[in-house]
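Shown below: upload_37.cif, with mmCIF, C-alpha atoms.
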data_final
loop_
_atom_site.label_atom_id
_atom_site.label_comp_id
_atom_site.auth_asym_id
_atom_site.auth_seq_id
_atom_site.Cartn_x
_atom_site.Cartn_y
_atom_site.Cartn_z
CA MET A 1194 12.81 0.63 17.39
CA ASN A 1195 13.16 -1.54 14.31
CA SER A 1196 12.77 0.01 10.88
CA GLY A 1197 9.50 -0.40 9.02
CA ILE A 1198 6.24 1.15 7.90
CA ARG A 1199 4.20 2.55 10.79
CA TYR A 1200 1.30 4.14 8.91
CA LEU A 1201 -0.28 4.77 5.54
CA GLU A 1202 -1.57 8.31 5.00
CA ILE A 1203 -4.70 9.00 2.94
CA GLY A 1204 -6.25 12.37 2.14
CA ALA A 1205 -10.02 12.79 2.50
CA ALA A 1206 -12.45 15.49 1.41
CA ASP A 1207 -15.03 14.39 4.01
CA LEU A 1208 -13.64 12.84 7.20
CA ASP A 1209 -17.00 11.45 8.35
CA ARG A 1210 -17.49 9.72 5.00
CA SER A 1211 -14.03 8.17 5.27
CA ARG A 1212 -14.66 7.12 8.88
CA HIS A 1213 -17.71 5.21 7.71
CA PHE A 1214 -15.79 3.64 4.84
CA TYR A 1215 -12.80 2.41 6.82
CA ALA A 1216 -14.66 1.44 9.99
CA GLU A 1217 -18.09 0.24 8.87
CA LEU A 1218 -17.30 -1.11 5.39
CA LEU A 1219 -13.67 -2.20 5.54
CA GLY A 1220 -13.93 -3.22 9.19
CA LEU A 1221 -10.96 -1.42 10.76
CA ALA A 1222 -11.13 -0.23 14.37
CA GLU A 1223 -10.62 3.50 14.95
CA VAL A 1224 -7.98 4.29 17.55
CA ASP A 1225 -6.96 7.43 19.46
CA ARG A 1226 -3.70 9.19 18.75
CA PRO A 1227 -2.52 12.03 21.01
CA ASP A 1228 -0.90 13.86 18.07
CA ALA A 1229 -4.04 14.12 15.92
CA GLY A 1230 -7.17 16.18 16.56
CA ALA A 1231 -10.47 14.45 15.83
CA ALA A 1232 -11.51 17.31 13.55
CA THR A 1233 -8.52 16.96 11.23
CA ALA A 1234 -7.49 13.30 11.22
CA CYS A 1235 -8.57 9.84 12.26
CA TRP A 1236 -6.50 6.70 12.74
CA PHE A 1237 -7.36 3.04 12.21
CA ASP A 1238 -5.69 -0.08 13.54
CA ALA A 1239 -4.61 -2.26 10.61
CA GLY A 1240 -2.31 -4.74 12.35
CA PRO A 1241 1.38 -4.05 11.73
CA ALA A 1242 0.63 -0.47 10.63
CA LEU A 1243 -2.00 2.22 11.07
CA VAL A 1244 -4.14 3.94 8.47
CA LYS A 1245 -4.09 7.71 8.95
CA VAL A 1246 -6.89 9.59 7.18
CA VAL A 1247 -6.43 13.37 7.10
CA GLN A 1248 -8.97 16.03 6.21
CA VAL A 1249 -7.71 18.21 3.35
CA VAL A 1250 -9.12 21.58 2.31
CA ASN A 1251 -9.84 22.12 -1.38
CA GLY A 1252 -8.68 18.57 -1.97
CA ASP A 1253 -7.38 17.46 -5.35
CA PRO A 1254 -5.88 14.13 -6.50
CA GLY A 1255 -3.39 16.17 -8.49
CA GLU A 1256 -1.39 14.43 -11.20
CA TRP A 1257 -1.78 10.93 -9.72
CA ARG A 1258 -3.35 8.49 -12.16
CA ASP A 1259 -4.27 4.82 -12.00
CA ASP A 1260 -1.36 3.62 -14.14
CA ASP A 1261 1.43 1.45 -12.75
CA LEU A 1262 3.89 2.98 -15.21
CA GLN A 1263 3.68 6.26 -13.27
CA GLY A 1264 6.34 6.45 -10.59
CA GLY A 1265 5.63 6.62 -6.89
CA ILE A 1266 3.03 5.00 -4.64
CA ARG A 1267 0.54 3.03 -6.74
CA HIS A 1268 -1.64 1.27 -4.18
CA ALA A 1269 -1.85 -0.14 -0.67
CA GLY A 1270 -2.71 -3.77 0.04
CA PHE A 1271 -4.53 -5.46 2.92
CA LYS A 1272 -4.52 -9.16 3.78
CA THR A 1273 -7.85 -10.83 4.52
CA ALA A 1274 -9.25 -14.35 4.62
CA ASP A 1275 -12.38 -13.29 2.71
CA VAL A 1276 -11.69 -11.25 -0.41
CA ASP A 1277 -15.04 -12.08 -2.03
CA GLY A 1278 -17.14 -11.31 1.02
CA LEU A 1279 -15.48 -7.95 1.62
CA ILE A 1280 -15.72 -6.97 -2.04
CA SER A 1281 -19.43 -7.87 -2.07
CA ARG A 1282 -20.03 -5.66 0.97
CA LEU A 1283 -18.04 -2.78 -0.51
CA GLU A 1284 -19.73 -3.07 -3.90
CA ALA A 1285 -23.19 -3.15 -2.34
CA ALA A 1286 -22.37 0.15 -0.60
CA GLY A 1287 -21.41 1.79 -3.89
CA THR A 1288 -17.63 1.35 -3.77
CA ARG A 1289 -15.96 1.33 -7.18
CA VAL A 1290 -14.32 -2.07 -7.73
CA THR A 1291 -11.63 -1.68 -10.39
CA ALA A 1292 -10.59 -5.35 -10.56
CA PRO A 1293 -12.98 -8.02 -9.25
CA PRO A 1294 -11.70 -11.01 -7.26
CA ARG A 1295 -9.45 -13.36 -9.21
CA ASP A 1296 -6.94 -16.10 -8.47
CA VAL A 1297 -3.26 -15.42 -9.10
CA LEU A 1298 -0.03 -17.23 -8.30
CA GLY A 1299 -1.70 -20.42 -7.17
CA ASP A 1300 -3.50 -20.02 -3.84
CA VAL A 1301 -3.51 -16.22 -3.81
CA ARG A 1302 -6.73 -14.31 -4.52
CA ILE A 1303 -6.80 -10.53 -5.05
CA ALA A 1304 -9.15 -7.65 -5.87
CA PHE A 1305 -8.73 -3.89 -6.29
CA PHE A 1306 -11.08 -1.04 -5.36
CA LEU A 1307 -11.07 2.71 -4.67
CA ASP A 1308 -11.80 4.47 -1.41
CA PRO A 1309 -14.16 7.52 -1.46
CA ASP A 1310 -11.30 9.83 -2.49
CA GLY A 1311 -9.69 7.62 -5.13
CA ALA A 1312 -7.04 5.81 -3.08
CA ARG A 1313 -6.35 2.52 -4.90
CA LEU A 1314 -6.55 -0.36 -2.44
CA GLU A 1315 -6.05 -4.11 -2.80
CA LEU A 1316 -7.33 -7.11 -0.89
CA VAL A 1317 -5.10 -10.19 -0.81
CA ARG A 1318 -5.83 -13.69 0.46
CA GLY A 1319 -3.03 -16.20 0.92
CA ALA A 1320 0.76 -16.23 0.85
CA LEU A 1321 2.69 -15.46 -2.32
CA ALA A 1322 4.73 -18.08 -4.19
CA TYR A 1323 7.93 -16.21 -5.04
CA GLU A 1324 9.84 -17.03 -8.19
CA ARG A 1325 13.12 -16.20 -6.46
CA VAL A 1326 13.38 -16.25 -2.67
CA GLY A 1327 15.62 -13.78 -0.89
CA SER A 1328 14.74 -14.64 2.72
CA PRO A 1329 13.30 -18.07 3.57
CA ARG A 1330 12.72 -16.76 7.10
CA LEU A 1331 10.43 -13.95 5.90
CA VAL A 1332 8.64 -16.25 3.44
CA ALA A 1333 7.86 -18.65 6.29
CA ALA A 1334 6.70 -15.78 8.52
CA GLU A 1335 4.29 -14.59 5.82
CA ALA A 1336 2.76 -18.04 5.45
CA ALA A 1337 2.45 -18.48 9.22
CA GLY A 1338 0.91 -15.08 9.83
CA LEU A 1339 -2.13 -15.09 7.55
CA PRO A 1340 -5.29 -13.60 9.11
CA GLY A 1341 -7.98 -15.98 10.31
CA PRO A 1342 -11.56 -16.10 8.98
CA ASP A 1343 -12.93 -13.66 11.57
CA ALA A 1344 -10.01 -11.23 11.59
CA PRO A 1345 -10.35 -7.71 10.17
CA PRO A 1346 -8.24 -6.74 7.15
CA ARG A 1347 -4.59 -6.21 7.99
CA PHE A 1348 -2.25 -3.76 6.29
CA ASP A 1349 0.16 -5.77 4.16
CA HIS A 1350 2.06 -3.61 1.68
CA VAL A 1351 2.49 -0.44 -0.27
CA GLY A 1352 3.22 -0.75 -3.99
CA ILE A 1353 5.77 1.67 -5.47
CA THR A 1354 6.80 2.02 -9.11
CA ALA A 1355 10.54 2.66 -9.44
CA SER A 1356 12.16 4.65 -12.20
CA ASP A 1357 15.44 2.85 -11.50
CA PHE A 1358 15.21 -0.46 -9.67
CA ASP A 1359 18.78 -0.50 -8.39
CA THR A 1360 18.46 2.97 -6.84
CA THR A 1361 15.09 2.19 -5.21
CA SER A 1362 16.11 -1.23 -3.92
CA ARG A 1363 19.40 0.10 -2.55
CA TYR A 1364 17.59 2.87 -0.67
CA TRP A 1365 15.08 0.59 1.08
CA ARG A 1366 17.77 -1.95 1.94
CA SER A 1367 19.92 0.84 3.37
CA VAL A 1368 17.22 1.66 5.94
CA GLY A 1369 16.94 -1.95 7.09
CA TYR A 1370 14.43 -3.57 4.75
CA GLU A 1371 15.25 -7.12 3.59
CA VAL A 1372 14.36 -8.68 0.25
CA ILE A 1373 11.73 -11.40 0.72
CA GLY A 1374 11.63 -12.48 -2.94
CA ASP A 1375 10.44 -11.48 -6.37
CA ILE A 1376 7.97 -12.45 -9.09
CA ARG A 1377 8.33 -11.67 -12.78
CA HIS A 1378 5.29 -11.47 -15.05
CA HIS A 1379 6.78 -13.34 -18.00
CA ASP A 1380 3.76 -12.70 -20.22
CA ASP A 1381 3.85 -8.91 -19.72
CA PRO A 1382 5.54 -7.20 -22.70
CA ARG A 1383 6.60 -4.32 -20.43
CA GLY A 1384 9.02 -6.59 -18.55
CA PHE A 1385 7.16 -6.32 -15.25
CA LEU A 1386 9.04 -7.40 -12.11
CA MET A 1387 7.64 -7.23 -8.55
CA THR A 1388 10.20 -7.28 -5.73
CA TYR A 1389 9.08 -7.56 -2.11
CA LEU A 1390 11.00 -6.20 0.89
CA GLY A 1391 10.06 -6.81 4.50
CA ALA A 1392 9.26 -3.56 6.31
CA GLY A 1393 8.75 -4.30 10.00
CA GLY A 1394 5.76 -6.62 9.62
CA SER A 1395 4.63 -4.96 6.39
CA VAL A 1396 6.06 -4.98 2.88
CA VAL A 1397 7.38 -2.53 0.31
CA GLU A 1398 6.42 -3.92 -3.10
CA ILE A 1399 8.66 -2.45 -5.81
CA PHE A 1400 7.32 -2.42 -9.36
CA SER A 1401 10.00 -2.19 -12.05
CA PHE A 1402 9.71 -2.40 -15.83
CA ASP A 1403 11.95 -2.81 -18.85
CA VAL A 1404 10.12 0.10 -20.50
CA ALA A 1405 10.32 3.75 -19.43
CA THR A 1406 8.16 4.91 -16.54
CA ALA A 1407 6.48 8.30 -16.10
CA GLN A 1408 7.38 10.92 -13.51
CA PRO A 1409 5.70 10.59 -10.11
CA ALA A 1410 2.87 12.96 -9.33
CA ALA A 1411 3.99 16.04 -7.47
CA TRP A 1412 3.04 16.00 -3.79
CA ALA A 1413 0.91 18.80 -2.34
CA GLU A 1414 -0.68 19.54 1.05
CA ASN A 1415 -4.19 19.28 -0.43
CA ARG A 1416 -3.61 15.94 -2.14
CA LEU A 1417 -6.50 13.49 -1.93
CA GLY A 1418 -6.11 9.71 -1.95
CA LEU A 1419 -2.76 8.06 -1.30
CA ARG A 1420 -0.48 10.69 0.21
CA GLY A 1421 2.48 8.88 1.74
CA ILE A 1422 3.77 6.67 4.53
CA GLY A 1423 5.15 7.06 8.02
CA VAL A 1424 8.35 5.09 8.45
CA VAL A 1425 10.80 4.30 11.23
CA ILE A 1426 14.37 4.86 10.06
CA PRO A 1427 17.44 3.95 12.12
CA GLY A 1428 18.79 7.15 13.64
CA GLY A 1429 15.47 8.92 13.03
CA ALA A 1430 16.81 11.31 10.42
CA ALA A 1431 14.60 12.42 7.56
CA VAL A 1432 15.95 11.36 4.19
CA ASP A 1433 15.04 11.78 0.55
CA VAL A 1434 13.04 8.76 -0.59
CA PRO A 1435 13.29 7.79 -4.28
CA ASP A 1436 10.39 7.88 -6.73
CA GLY A 1437 8.67 10.91 -5.24
CA VAL A 1438 7.43 8.96 -2.22
CA HIS A 1439 6.33 11.31 0.57
CA ALA A 1440 7.60 9.80 3.81
CA GLU A 1441 7.51 11.10 7.35
CA VAL A 1442 9.73 9.79 10.13
CA ALA A 1443 7.21 8.15 12.46
CA ARG A 1444 7.38 8.08 16.25
#
Could you render the structure as structure tokens?
Amino acid sequence: MNSGIRYLEIGAADLDRSRHFYAELLGLAEVDRPDAGAATACWFDAGPALVKVVQVVNGDPGEWRDDDLQGGIRHAGFKTADVDGLISRLEAAGTRVTAPPRDVLGDVRIAFFLDPDGARLELVRGALAYERVGSPRLVAAEAAGLPGPDAPPRFDHVGITASDFDTTSRYWRSVGYEVIGDIRHHDDPRGFLMTYLGAGGSVVEIFSFDVATAQPAAWAENRLGLRGIGVVIPGGAAVDVPDGVHAEVAR
């Protein structure tokens, strides 16, 4: 099996509340998984990857904060043809929208919001215009594979802040991920660079900065919100992932 992201894991204090959020509001279809009991986890089809929502006892977001200068997983992004319509539906249901829809990078439109347990999620419409292209093949595949107007949101990427770009990039390339391209925010005084690596139909989006970053939040079994990812790694061996990213070897 090719390397790549197979699922995003999110911790929930109330599984029924999260089921409603991801199925009824976000529009993802719940699917059965033989390795997950209905009382402790639910899974949603999000295109190239699944969303795994797990019930946690005495849940706590821990040290994670909504600050891209903190290392580790920062957010997860979903592609959609209708950012504004989805945000309107989410907002009407009481979802906290942290960044309303706006146009960026030409034809791309984005918005950010929080799930019921504080997971930071992004909606993206359109294909990115990379400043430097690493793989014309993957750029073309992204542009050709955009969801249609009636398609549900599709998992697109996980954003990770790196404490050392070279170390993080080298790790993900070593497990088979290929650089698609990068975009530098030239007006950001922090020296903000976003580098995108293809991950089996999804993307690892590496955030790196010229200024110092903070330590990742420590991972714990009762962590709410963004918890980690399931990945396929050649050889199937568990490895230490940089930046405090909690990763499981997916089947």
| request: Write out as a PyMOL selection string each polymer residue whose atoms come within 10 Å of A:Trp1365, counting all atoms listed in the file; drop sequence neighbours fewer than 2 positions from it. | output: chain A and resi 1197+1360-1363+1367-1372+1390-1392+1397+1399+1426+1434-1435
| request: Evaluate the PyMOL selection byres ((chain A and resi 1208-1215) around 12) on the structure here and hand back the selected residues as a ChimeraX atom specification. | output: /A:1203-1207,1216-1224,1230-1239,1243-1250,1252,1279,1282-1284,1286-1288,1307-1312,1314,1345-1347,1417-1418
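Checking A:Asp1261, A:Glu1441, A:Asp1277, A:Asp1300 one by one against A:Arg1199, counting all atoms listed in the file, you find the shortest gap at A:Glu1441.
Atom CA of A:Ala1320 is positioned 9.1 Å from atom CA of A:Gly1338.
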| message | Can you pull out the residues contacting stretch 1321-1334 of chain A? Cut-off 10 Å, using all atoms listed in the file, and skip same-chain residues under 2 positions away; I want them as a VMD selection string. | response | chain A and resid 1297 to 1302 1317 to 1319 1336 to 1339 1371 to 1378 1387 to 1391 1394
| task | Identify all residues satisfying the PyMOL selection byres ((chain A and resi 1410) around 10) in the given file; provide them as a VMD selection string. | result | chain A and resid 1254 to 1258 1263 to 1266 1407 to 1409 1411 to 1413 1436 to 1438
| task | Give the answer as one residue: which of A:Phe1305, A:Arg1226, A:Asp1359, A:Phe1348 has the shortest atom-to-atom distance to A:Ser1395, using all atoms listed in the file? | result | A:Phe1348
Output requested as a compact mmCIF listing (two decimals), in the coordinates of the input - stretch 1355-1369 of chain A, filled out with N, CA, C and O atoms.
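Ended up saving to result.txt:
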# COMPACT_ATOMS: atom_id res chain seq x y z
N ALA A 1355 9.20 2.08 -9.46
CA ALA A 1355 10.54 2.66 -9.44
C ALA A 1355 10.97 3.08 -10.84
O ALA A 1355 10.74 2.35 -11.81
N SER A 1356 11.60 4.24 -10.92
CA SER A 1356 12.16 4.65 -12.20
C SER A 1356 13.48 3.93 -12.46
O SER A 1356 13.85 3.68 -13.62
N ASP A 1357 14.19 3.59 -11.40
CA ASP A 1357 15.44 2.85 -11.50
C ASP A 1357 15.47 1.83 -10.36
O ASP A 1357 15.59 2.21 -9.19
N PHE A 1358 15.35 0.56 -10.70
CA PHE A 1358 15.21 -0.46 -9.67
C PHE A 1358 16.40 -0.49 -8.72
O PHE A 1358 16.23 -0.58 -7.50
N ASP A 1359 17.60 -0.41 -9.24
CA ASP A 1359 18.78 -0.50 -8.39
C ASP A 1359 18.80 0.62 -7.34
O ASP A 1359 19.09 0.38 -6.16
N THR A 1360 18.47 1.84 -7.76
CA THR A 1360 18.46 2.97 -6.84
C THR A 1360 17.40 2.77 -5.75
O THR A 1360 17.65 2.98 -4.56
N THR A 1361 16.20 2.37 -6.17
CA THR A 1361 15.09 2.19 -5.21
C THR A 1361 15.37 1.05 -4.25
O THR A 1361 15.21 1.19 -3.03
N SER A 1362 15.82 -0.08 -4.78
CA SER A 1362 16.11 -1.23 -3.92
C SER A 1362 17.23 -0.91 -2.94
O SER A 1362 17.16 -1.25 -1.75
N ARG A 1363 18.26 -0.23 -3.42
CA ARG A 1363 19.40 0.10 -2.55
C ARG A 1363 18.96 1.02 -1.41
O ARG A 1363 19.39 0.86 -0.26
N TYR A 1364 18.06 1.97 -1.72
CA TYR A 1364 17.59 2.87 -0.67
C TYR A 1364 16.87 2.09 0.43
O TYR A 1364 17.19 2.23 1.63
N TRP A 1365 15.87 1.28 0.06
CA TRP A 1365 15.08 0.59 1.08
C TRP A 1365 15.92 -0.42 1.85
O TRP A 1365 15.74 -0.59 3.07
N ARG A 1366 16.88 -1.05 1.20
CA ARG A 1366 17.77 -1.95 1.94
C ARG A 1366 18.67 -1.19 2.88
O ARG A 1366 19.03 -1.69 3.96
N SER A 1367 19.03 0.05 2.52
CA SER A 1367 19.92 0.84 3.37
C SER A 1367 19.25 1.27 4.68
O SER A 1367 19.95 1.58 5.64
N VAL A 1368 17.92 1.29 4.70
CA VAL A 1368 17.22 1.66 5.94
C VAL A 1368 16.68 0.42 6.66
O VAL A 1368 15.81 0.53 7.52
N GLY A 1369 17.21 -0.75 6.31
CA GLY A 1369 16.94 -1.95 7.09
C GLY A 1369 15.92 -2.91 6.54
O GLY A 1369 15.55 -3.87 7.22
